[in-house]
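Novice: Below are the structure tokens for one structure; questions will follow.
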Amino acid sequence: MKDPLPPALRERLIKQFGTGAYSLLLRAFSVERKPTFRVNTLKTTDEEVMAVMRDEQIMFERAKAVPHAFLIKNRTDDELLEHPLAKEGKIYLQGISSMVPPLVMDLEGSLKILDLCAAPGSKTTEIASMTRNTAEIIACEDNEVRFQKLLNTIRIQGAKVDARNVDSTMLQKELPEYFDRVLADVPCSAEGRMNILEKRSFSYWSEKNIVEHAKLQRRLLRAAVGCLKPGGILVYSTCTLAPEENEKMIDWLITEFPQMKPVEISLALTNIKQTAHKTVTMLPSEMMEGFFVAKLMKV
């Protein structure tokens with residue numbers, strides 16, 4: 001297999017994971033993943049969705065260890081997006097890795113929840129579904145075009161969300177230590193989503209890009225800590241493999257804010273790599289994109 005990745009990226013990944021693991025990564029980067037979706041339990045049930053798929057001979061497989069998640073074997077993303085189940089908001093096309101951060105947020109009880117970087121609304125509406133629309137959810141997006149996408153997702157999914165077209169880092173002044181849970185699924189260099197069959201998915205890559213994203217991530221995390229109640233949970237996630245945006249970011253966070261203590265993450269997934277500070281990296285595979293998740297409590 002020809003390796004089209006930038007030499008600097010190749011060297012970084014080999015240093016990070018080893019030569020053998022890099023070959024597996026390269027193979028994962030070359031796979032056209034099957035469509036996956038999440039059932040929106042605000043509008044339907046797994047059983048009702050499965051009955052429709054059986055009637056229409058849509059071949060499916062339940063995703064292990066991720067509730068309400070399905071992999072589709074004989075339909076494309078575009079075909080599923082045009083299906084009434086999607087148009088009516090009963091399912092939502094979403095990567096399996098992307099579904100994980102809300103699953104580790106401990107969403108029981110009456111909660112105030114902040115989604116710092118919410119568009120297009122995949123995790124926002126997953127949280128609303130998991131909490132049965134009983135939580136107070138504030139979802140922030142400062143980009144106007146992306147904010148409209150967020151509003152559309154919320155509407156179609158029937159989610160109860162206070163969506164705000166604002167810079168979320170300003171929220172700590174308005175609502176200091178207000179939230180029980182904060183999700184910081186931050187903009188990143190997206191190494192976990194690269195596909196070597198699509199040059200545009202990695203042509204943007206540079207170490208400068210990683211540095212710029214890390215600056216933004218620190219800004220967002222400062223706001224996240226400021227908004228979080230003592231005893232509250234912060235979940236930080238990225239779709240990159242870059243240590244500067246992942247493990248080293250958590251190094252910085254717990255040094256800058258000693259009150260933030262890492263919490264163990266338990267996931268029954270096979271492609272998990274346990275990393276520093278009780279964090280986990282989901283390595284790219286035939287089914288999942290690469291993802292990083294950290295969970296911390298404010299004491």
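Chains: A, B, ... in order of the structure tokens. Residues: from 1 per chain. Ligands: from 1, in order shown.
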Find the spatial neighbours of range 36-45 of chain A, counting only C-alpha atoms, within a cut-off of 6 Å - ignore same-chain residues fewer than 2 positions away - and output them as a list of chain:residue names.
Specialist: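 Close residues of range 36-45 of chain A: A:Glu47, A:Glu48, A:His68, A:Ala69, A:Phe70, A:Leu71, A:Lys90, A:Ile91, A:Tyr92, A:Leu93, A:Gln94, A:Gly95, A:Ser129.
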Novice: Env of Pro101 in chain A: 12 Å cut, atoms = only C-alpha atoms, seq-sep filter 3 positions within chain, self excluded. Answer as JSON, numbers by chain.
Specialist: {"A": [66, 95, 96, 97, 98, 104, 105, 106, 107, 115, 122, 123, 124, 126, 127, 181, 182, 183, 184, 185, 186, 233, 234, 235, 236, 237, 238, 239, 265, 266, 267, 279, 280, 281, 282, 291, 292, 293, 294, 295]}
Novice: Would you put the residues from that selection into a file with C-alpha atoms, as an mmCIF file, in the first residue's frame?
Specialist:
```
data_model
loop_
_atom_site.group_PDB
_atom_site.id
_atom_site.type_symbol
_atom_site.label_atom_id
_atom_site.label_comp_id
_atom_site.auth_asym_id
_atom_site.auth_seq_id
_atom_site.Cartn_x
_atom_site.Cartn_y
_atom_site.Cartn_z
ATOM 1 C CA VAL A 66 -22.752 1.504 22.402
ATOM 2 C CA GLY A 95 -19.887 7.928 13.879
ATOM 3 C CA ILE A 96 -19.638 5.334 16.649
ATOM 4 C CA SER A 97 -16.641 7.108 18.224
ATOM 5 C CA SER A 98 -18.583 10.366 18.264
ATOM 6 C CA VAL A 104 -19.211 8.689 29.972
ATOM 7 C CA MET A 105 -20.769 11.929 31.317
ATOM 8 C CA ASP A 106 -22.784 10.256 34.126
ATOM 9 C CA LEU A 107 -26.095 11.745 32.973
ATOM 10 C CA ASP A 115 -22.041 21.760 25.362
ATOM 11 C CA SER A 122 -24.839 15.266 17.216
ATOM 12 C CA LYS A 123 -23.710 15.026 20.845
ATOM 13 C CA THR A 124 -26.085 17.775 22.014
ATOM 14 C CA GLU A 126 -27.614 12.539 22.074
ATOM 15 C CA ILE A 127 -27.437 14.103 25.549
ATOM 16 C CA ARG A 181 -21.649 18.638 33.427
ATOM 17 C CA VAL A 182 -19.611 20.237 30.669
ATOM 18 C CA LEU A 183 -18.834 18.618 27.324
ATOM 19 C CA ALA A 184 -15.838 20.115 25.539
ATOM 20 C CA ASP A 185 -15.777 18.270 22.223
ATOM 21 C CA VAL A 186 -13.331 20.736 20.755
ATOM 22 C CA ILE A 233 -17.823 16.440 35.574
ATOM 23 C CA LEU A 234 -15.940 17.715 32.519
ATOM 24 C CA VAL A 235 -15.618 15.442 29.487
ATOM 25 C CA TYR A 236 -13.004 16.560 26.959
ATOM 26 C CA SER A 237 -12.819 14.918 23.541
ATOM 27 C CA THR A 238 -11.143 15.279 20.163
ATOM 28 C CA CYS A 239 -11.092 13.331 16.895
ATOM 29 C CA ILE A 265 -13.317 5.747 31.971
ATOM 30 C CA SER A 266 -14.803 2.299 31.449
ATOM 31 C CA LEU A 267 -15.599 1.311 27.864
ATOM 32 C CA THR A 279 -7.755 8.944 29.410
ATOM 33 C CA VAL A 280 -8.546 6.689 26.466
ATOM 34 C CA THR A 281 -7.694 6.776 22.782
ATOM 35 C CA MET A 282 -9.962 4.953 20.358
ATOM 36 C CA PHE A 291 -11.017 9.580 19.035
ATOM 37 C CA PHE A 292 -9.648 10.754 22.393
ATOM 38 C CA VAL A 293 -11.707 11.095 25.571
ATOM 39 C CA ALA A 294 -10.817 12.430 29.021
ATOM 40 C CA LYS A 295 -13.065 12.688 32.084
#
```
Novice: Just to confirm, what's the straight-line distance from CA of Leu220 in chain A to CA of Ala139 in chain A in Å (one decimal)?
Specialist: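 A separation of 13.7 Å between them.
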Novice: What does the distance from CA of Arg27 in chain A to CA of Leu283 in chain A come to in Å, to one decimal?
Specialist: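 Computing the Euclidean distance for CA of Arg27 in chain A and CA of Leu283 in chain A yields 11.7 Å.
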Novice: From the DSSP assignment of the backbone, select every residue of range 134-283 of chain A that is helix (DSSP H, G or I), and format the answer as an NGL selection string.
Specialist: :A and (144-157 or 168-174 or 191-193 or 199-201 or 207-227 or 243-245 or 247-256 or 276-278)
Novice: Of the candidates A:Glu247, A:Glu136, A:Glu264, A:Glu191, which shows the shortest atom-to-atom distance to Asn209 in chain A, using only C-alpha atoms?
Specialist: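 Selected residue with least distance to Asn209 in chain A: A:Glu191.
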